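Participant: Just structure_34.csv, nothing more (CSV, C-alpha atoms and all ligand atoms):
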chain,number,residue,atom,x,y,z
S,176,MET,CA,12.6,-4.9,16.9
S,177,LYS,CA,9.5,-5.7,14.8
S,178,PHE,CA,8.7,-4.4,11.4
S,179,TYR,CA,5.7,-4.9,9.1
S,180,LEU,CA,6.4,-5.0,5.4
S,181,SER,CA,3.3,-4.6,3.3
S,182,SER,CA,3.6,-5.3,-0.4
S,183,ASP,CA,1.6,-4.5,-3.6
S,184,LEU,CA,2.6,-5.3,-7.1
S,185,GLU,CA,1.8,-2.2,-9.3
S,186,GLY,CA,4.5,0.0,-7.9
S,187,VAL,CA,7.6,-2.1,-8.6
S,188,ALA,CA,10.4,-1.5,-11.1
S,189,CYS,CA,9.7,-2.1,-14.8
S,190,VAL,CA,6.0,-3.0,-14.3
S,191,THR,CA,3.4,-1.3,-16.4
S,192,GLY,CA,-0.1,-2.5,-17.4
S,193,LEU,CA,-2.3,-3.1,-20.4
S,194,ALA,CA,-5.1,-0.7,-21.1
S,195,GLY,CA,-8.4,-2.0,-19.7
S,196,GLN,CA,-6.8,-4.8,-17.8
S,197,THR,CA,-5.8,-5.3,-14.2
S,198,LEU,CA,-2.3,-6.4,-13.5
S,199,SER,CA,-3.6,-9.9,-12.5
S,200,SER,CA,-5.3,-10.4,-15.8
S,201,ALA,CA,-2.1,-9.6,-17.9
S,202,PRO,CA,0.0,-12.8,-17.4
S,203,ALA,CA,3.4,-11.6,-18.5
S,204,GLN,CA,3.2,-8.3,-16.5
S,205,TYR,CA,1.9,-10.2,-13.5
S,206,GLU,CA,4.7,-12.7,-13.5
S,207,LEU,CA,7.3,-9.9,-13.9
S,208,ALA,CA,5.7,-8.0,-11.0
S,209,ARG,CA,5.9,-11.1,-8.7
S,210,LYS,CA,9.6,-11.5,-9.4
S,211,MET,CA,10.4,-7.7,-9.1
S,212,CYS,CA,8.4,-7.4,-5.9
S,213,THR,CA,10.0,-10.4,-4.3
S,214,ALA,CA,13.4,-8.9,-5.1
S,215,GLU,CA,12.5,-5.4,-3.8
S,216,ILE,CA,11.1,-6.9,-0.6
S,217,ASN,CA,14.4,-8.8,-0.1
S,218,ALA,CA,16.3,-5.6,-0.6
S,219,ALA,CA,14.2,-3.9,2.1
S,220,ILE,CA,14.7,-6.9,4.4
S,221,ASP,CA,18.4,-6.6,4.0
S,222,GLY,CA,18.1,-2.9,4.9
S,223,LEU,CA,16.0,-3.7,8.0
S,224,LYS,CA,18.5,-6.4,9.1
S,225,THR,CA,21.2,-3.7,9.5
S,226,ALA,CA,19.3,-2.6,12.6
S,227,GLY,CA,20.3,-5.8,14.4
S,228,GLU,CA,17.8,-8.4,15.7
S,229,VAL,CA,14.6,-8.0,13.8
S,230,GLU,CA,11.3,-9.7,13.5
S,231,ILE,CA,9.6,-9.1,10.1
S,232,ILE,CA,6.1,-9.8,8.8
S,233,VAL,CA,5.8,-9.7,5.0
S,234,GLU,CA,2.2,-9.1,4.0
S,235,ASP,CA,1.1,-10.3,0.5
S,236,GLY,CA,-1.2,-7.4,-0.2
S,237,HIS,CA,-2.1,-7.5,-3.9
S,238,GLY,CA,-5.5,-8.6,-5.1
S,239,ASN,CA,-6.6,-11.6,-3.1
S,240,GLY,CA,-3.4,-11.6,-1.1
S,241,THR,CA,-2.4,-15.1,-2.2
S,242,SER,CA,0.7,-16.3,-4.1
S,243,ASN,CA,1.6,-12.9,-5.4
S,244,LEU,CA,5.1,-13.2,-4.2
S,245,LEU,CA,7.7,-16.0,-4.7
S,246,TYR,CA,7.5,-17.0,-1.0
S,247,ASP,CA,10.3,-19.5,-1.1
S,248,GLU,CA,12.7,-16.9,-2.6
S,249,LEU,CA,12.1,-14.4,0.3
S,250,ARG,CA,14.9,-14.1,2.8
S,251,ARG,CA,14.8,-16.7,5.5
S,252,GLY,CA,13.4,-15.8,9.0
S,253,VAL,CA,10.5,-13.6,7.9
S,254,LYS,CA,6.9,-14.6,8.5
S,255,ILE,CA,4.5,-14.3,5.5
S,256,LEU,CA,0.9,-13.2,5.7
S,257,SER,CA,-1.2,-14.5,2.8
S,258,GLY,CA,-4.8,-15.4,2.1
S,259,VAL,CA,-8.2,-13.8,2.5
S,260,PRO,CA,-10.5,-12.9,4.1
S,261,ARG,CA,-8.4,-11.2,6.8
S,262,PRO,CA,-9.7,-10.0,10.2
S,263,ARG,CA,-8.7,-6.5,9.2
S,264,ARG,CA,-6.2,-4.6,7.0
S,265,LEU,CA,-2.6,-4.9,8.2
S,266,THR,CA,-3.4,-8.2,10.0
S,267,GLY,CA,-0.7,-8.9,12.6
S,268,LEU,CA,0.4,-5.3,13.0
S,269,ASP,CA,0.0,-4.0,16.6
S,270,GLU,CA,1.5,-1.3,18.9
S,271,SER,CA,4.6,-3.4,19.5
S,272,PHE,CA,6.0,-2.7,16.0
S,273,ALA,CA,8.7,-0.1,15.3
S,274,GLY,CA,7.7,0.7,11.7
S,275,VAL,CA,5.9,-0.1,8.6
S,276,ILE,CA,7.5,-0.5,5.1
S,277,LEU,CA,5.4,-0.2,1.9
S,278,ILE,CA,6.9,-1.9,-1.2
S,279,GLY,CA,5.3,-1.7,-4.6
S,280,TYR,CA,2.5,0.6,-3.6
S,281,HIS,CA,0.8,2.7,-6.3
S,282,PRO,CA,-0.9,6.1,-6.5
S,283,MET,CA,-4.6,6.7,-5.9
S,284,ALA,CA,-7.2,6.6,-8.7
S,285,GLY,CA,-7.2,9.6,-10.9
S,286,VAL,CA,-3.6,10.7,-10.4
S,287,GLU,CA,-2.0,12.0,-13.6
S,288,GLY,CA,1.1,10.0,-14.6
S,289,GLY,CA,0.4,7.5,-11.8
S,290,VAL,CA,1.5,4.1,-13.0
S,291,LEU,CA,-1.4,1.6,-12.6
S,292,SER,CA,-3.1,4.2,-10.4
S,293,HIS,CA,-6.2,3.0,-8.7
S,294,THR,CA,-7.8,2.8,-5.2
S,295,PHE,CA,-8.4,-0.8,-4.1
S,296,SER,CA,-10.4,-1.7,-7.2
S,297,SER,CA,-9.7,-0.2,-10.6
S,298,VAL,CA,-13.1,-1.4,-11.8
S,299,ALA,CA,-15.2,-0.4,-8.8
S,300,VAL,CA,-13.8,2.7,-7.1
S,301,HIS,CA,-13.7,6.1,-8.7
S,302,ASN,CA,-12.6,8.3,-5.8
S,303,MET,CA,-12.1,8.0,-2.0
S,304,TRP,CA,-11.8,10.7,0.7
S,305,LEU,CA,-10.7,10.2,4.3
S,306,ASN,CA,-12.0,13.0,6.6
S,307,GLY,CA,-12.6,15.1,3.5
S,308,ARG,CA,-9.2,14.6,1.9
S,309,PRO,CA,-8.6,12.6,-1.3
S,310,VAL,CA,-7.0,9.3,-0.2
S,311,GLY,CA,-5.6,6.2,-1.7
S,312,GLU,CA,-4.0,3.0,-0.3
S,313,ILE,CA,-0.8,4.8,0.8
S,314,GLY,CA,-2.6,7.4,2.9
S,315,LEU,CA,-5.2,5.0,4.3
S,316,THR,CA,-2.5,2.5,5.3
S,317,ALA,CA,-0.5,5.3,7.0
S,318,VAL,CA,-3.5,6.4,9.0
S,319,GLN,CA,-4.4,2.8,10.0
S,320,ALA,CA,-0.8,2.1,11.1
S,321,GLY,CA,-0.8,5.5,12.8
S,322,SER,CA,-3.9,4.7,14.8
S,323,LEU,CA,-1.9,1.9,16.4
S,324,GLY,CA,1.0,4.3,17.0
S,325,VAL,CA,3.2,2.8,14.3
S,326,PRO,CA,4.9,5.1,11.7
S,327,VAL,CA,5.3,4.3,8.1
S,328,ILE,CA,9.1,4.7,7.6
S,329,PHE,CA,9.6,3.8,4.0
S,330,VAL,CA,7.6,3.7,0.8
S,331,SER,CA,8.6,2.6,-2.7
S,332,SER,CA,6.4,3.4,-5.7
S,333,CYS,CA,6.4,5.3,-9.0
S,334,LYS,CA,7.2,9.0,-8.8
S,335,ALA,CA,3.6,10.0,-8.4
S,336,GLY,CA,3.1,7.4,-5.6
S,337,VAL,CA,6.2,8.7,-3.8
S,338,GLN,CA,4.8,12.3,-4.0
S,339,GLU,CA,1.5,11.0,-2.5
S,340,ALA,CA,3.5,9.3,0.3
S,341,LYS,CA,5.3,12.5,1.1
S,342,ASP,CA,2.0,14.4,1.2
S,343,TRP,CA,0.5,12.0,3.6
S,344,ILE,CA,3.5,11.0,5.7
S,345,PRO,CA,5.8,13.9,6.5
S,346,GLY,CA,9.4,12.8,6.7
S,347,VAL,CA,8.9,9.4,5.2
S,348,LYS,CA,11.9,7.8,3.3
S,349,THR,CA,11.0,6.9,-0.3
S,350,VAL,CA,12.4,5.5,-3.5
S,351,ALA,CA,10.7,6.2,-6.8
S,352,VAL,CA,11.6,3.1,-8.9
S,353,LYS,CA,9.9,4.5,-12.1
S,354,GLU,CA,8.4,7.6,-13.5
S,355,GLY,CA,5.0,7.4,-15.3
S,356,PHE,CA,4.4,8.8,-18.7
S,357,GLY,CA,0.8,7.7,-18.5
S,358,ARG,CA,-1.0,5.0,-16.6
S,359,ASN,CA,0.5,2.2,-18.7
S,360,CYS,CA,3.9,3.6,-19.6
S,361,ALA,CA,6.9,4.2,-17.4
S,362,LEU,CA,10.6,4.9,-17.5
S,363,SER,CA,12.0,2.6,-14.8
S,364,LEU,CA,15.3,2.2,-13.0
S,365,HIS,CA,17.1,-1.0,-13.8
S,366,PRO,CA,15.7,-3.6,-11.3
S,367,GLN,CA,19.0,-4.1,-9.5
S,368,ASP,CA,19.5,-0.3,-9.2
S,369,ALA,CA,16.0,0.0,-7.7
S,370,GLN,CA,16.9,-2.8,-5.2
S,371,ASP,CA,20.1,-1.1,-4.3
S,372,LYS,CA,18.3,2.2,-3.6
S,373,ILE,CA,15.6,0.5,-1.6
S,374,ARG,CA,18.2,-1.4,0.6
S,375,GLU,CA,20.1,1.9,1.2
S,376,ALA,CA,17.1,4.0,2.0
S,377,VAL,CA,15.6,1.4,4.4
S,378,LYS,CA,19.0,1.1,6.1
S,379,ARG,CA,19.1,4.9,6.6
S,380,ALA,CA,15.5,4.8,7.9
S,381,VAL,CA,16.2,2.2,10.5
S,382,ALA,CA,19.3,4.1,11.6
S,383,ASN,CA,17.1,7.1,12.3
S,384,LEU,CA,13.9,5.6,13.7
S,385,ASP,CA,13.2,8.4,16.1
S,386,MET,CA,12.7,10.7,13.1
S,387,PHE,CA,9.4,9.1,12.2
S,388,LYS,CA,6.0,10.0,13.6
S,389,PRO,CA,2.8,8.0,13.3
S,390,VAL,CA,0.2,9.7,11.0
S,391,ARG,CA,-2.7,10.5,13.3
S,392,LEU,CA,-6.1,11.9,12.4
S,393,ASN,CA,-8.7,12.8,15.0
S,394,PRO,CA,-11.5,10.3,15.2
S,395,PRO,CA,-14.3,9.9,14.3
S,396,TYR,CA,-13.0,8.8,10.9
S,397,GLU,CA,-15.1,9.4,7.8
S,398,LEU,CA,-14.5,7.5,4.6
S,399,LYS,CA,-16.4,8.7,1.5
S,400,ILE,CA,-16.3,6.4,-1.5
S,401,GLU,CA,-17.5,7.3,-5.0
S,402,TYR,CA,-18.0,4.1,-7.0
S,403,LYS,CA,-18.0,3.8,-10.7
S,404,LEU,CA,-21.5,2.4,-10.7
S,405,GLU,CA,-24.7,3.4,-9.0
S,406,SER,CA,-25.5,-0.3,-8.4
S,407,THR,CA,-22.3,-0.8,-6.4
S,408,ALA,CA,-23.1,2.1,-4.0
S,409,GLU,CA,-26.6,0.6,-3.7
S,410,ALA,CA,-25.4,-2.8,-2.9
S,411,VAL,CA,-22.8,-1.5,-0.3
S,412,CYS,CA,-25.5,0.5,1.5
S,413,ARG,CA,-27.8,-2.5,1.7
S,414,ARG,CA,-25.0,-4.6,3.2
S,415,GLU,CA,-23.2,-2.1,5.5
S,416,ASP,CA,-24.0,0.7,7.9
S,417,CYS,CA,-23.4,3.8,5.7
S,418,ILE,CA,-25.0,7.0,4.4
S,419,ARG,CA,-25.9,7.3,0.7
S,420,VAL,CA,-24.4,10.7,-0.3
S,421,ASP,CA,-25.6,10.5,-3.9
S,422,ALA,CA,-26.3,7.8,-6.5
S,423,ARG,CA,-22.7,6.6,-6.7
S,424,THR,CA,-21.3,7.8,-3.3
S,425,ILE,CA,-21.5,6.5,0.2
S,426,LEU,CA,-20.1,7.6,3.5
S,427,LYS,CA,-19.0,5.5,6.5
S,428,ARG,CA,-18.2,6.9,9.9
S,429,SER,CA,-16.4,5.2,12.8
S,430,ARG,CA,-14.0,5.7,15.7
S,431,ASP,CA,-12.2,2.6,14.5
S,432,ILE,CA,-10.4,3.3,11.3
S,433,PHE,CA,-10.2,-0.4,10.5
S,434,ALA,CA,-14.0,-0.7,10.6
S,435,LEU,CA,-14.1,1.6,7.5
S,436,TYR,CA,-12.0,-0.5,5.1
P,501,ZN,ZN,-2.2,-4.4,-6.3
Give the structure from this file in structure tokens form.
Ligand SMILES: [Zn+2]

Facilitator:
Amino acid sequence: MKFYLSSDLEGVACVTGLAGQTLSSAPAQYELARKMCTAEINAAIDGLKTAGEVEIIVEDGHGNGTSNLLYDELRRGVKILSGVPRPRRLTGLDESFAGVILIGYHPMAGVEGGVLSHTFSSVAVHNMWLNGRPVGEIGLTAVQAGSLGVPVIFVSSCKAGVQEAKDWIPGVKTVAVKEGFGRNCALSLHPQDAQDKIREAVKRAVANLDMFKPVRLNPPYELKIEYKLESTAEAVCRREDCIRVDARTILKRSRDIFALY
């Protein structure tokens, strides 16, 4: 059985940010996040392995997708996707996979109490909607995997991120590793408690795989993006095939969800 484990850094235990900075620009938080994320991925891998023979791709998904994890500390036997540019999001995922696992994901931009909440770029993107519904990275990833017929079976994040996952992915197994008291303040589980919960929840998910359904939306897909700056919307519209909705907002439409982002 094949599983695809996509990772981000903002939604792992004990990690918060510094006001006005991205995680990558705050060295102590970034190093902590790399360590926590690697350990949480290992816990998820241990949970997946209870299903028997498994093939696992671990996607390094934060920022430029390079060296965000301690690759040599990951469990042996997995394959690791790193580097950019990639042919598309979820590179390597296809119809043959049994499920997708999201570790360290974070809530969409603008969510109250969402730890390090943002949508792809905390400096560029103000809001995003998919087929008219506010969406962040969790929802878009679920729909992209769903378009290939693959369900997202587990998500770990902060409490707000877990709520977002449940809203987009009915029936998904989740672990909230921390609760936000603001964007840069959280009450977290102890790292090893978070890892125990992730291992157990993933184990339960793979024991009940037929419970999970891919998230499917009817094409054509419409992605509307409101940028922080008018100049960003202008530049995107010059470069890509899209409609300018207003000074800061663009709309892209396609029957291929991967063509949109
Ligand atoms: Zn990230």

Participant: Using Å and a single decimal, report how far atom CA of S:Val259 sits from atom CA of S:Arg413.

Facilitator: 22.6 Å

Participant: Around ligand ZN 501 (chain P), out to 12 Å and counting only C-alpha atoms and all ligand atoms, which residues are there? I want them as number ranges by chain.

Facilitator: S: 181-187, 190-192, 197-200, 205, 208-209, 212, 235-241, 243-244, 277-283, 290-297, 312-313, 332

Participant: Which residues are close to S:Arg428, i.e. within 8 Å by all atoms listed in the file, leaving aside same-chain residues fewer than 4 positions away? Reply as JSON, numbers by chain.

Facilitator: {"S": [395, 396, 397, 398, 417, 435]}

Participant: Write out as a ChimeraX atom specification each polymer residue whose atoms come within 9 Å of stretch 333-349 of chain S, counting only C-alpha atoms; drop sequence neighbours fewer than 4 positions from it.

Facilitator: /S:185-188,279-283,286-290,292,310-311,313-314,317-318,326-329,353-355,361,363,373,376-377,379-380,386-390

Participant: Work out how far atom CA of S:Glu248 is from atom CA of S:Pro262, in Å to one decimal.

Facilitator: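 Separating atom CA of S:Pro262 from atom CA of S:Glu248 is a distance of 26.7 Å.
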
Participant: So, counting only C-alpha atoms, which residue among S:Ala434, S:Ala273, S:Ala299, S:Met176 is closest to S:Asp416?

Facilitator: S:Ala434

Participant: So which one's closest to S:Val352, S:Leu180, S:Met211, S:Val233, S:Val325? Using all atoms listed in the file, please.

Facilitator: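 Smallest separation from S:Val352 among the options: S:Met211.
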
Participant: Rank S:Leu404, S:Leu268, S:Cys412, S:Ala214 by their smallest atom-to-atom distance to S:Asp247, using all atoms listed in the file, and report the top residue only.

Facilitator: S:Ala214

Participant: Taking all atoms listed in the file into account, name the residue in S:Glu206, S:Glu415, S:Glu401, S:Glu409 that is nearest to S:Asn302.

Facilitator: S:Glu401

Participant: Would you mind telling me which residue in S:Leu249, S:Leu207, S:Leu426, S:Leu265 lies nearest to S:Thr316 when using all atoms listed in the file?

Facilitator: S:Leu265
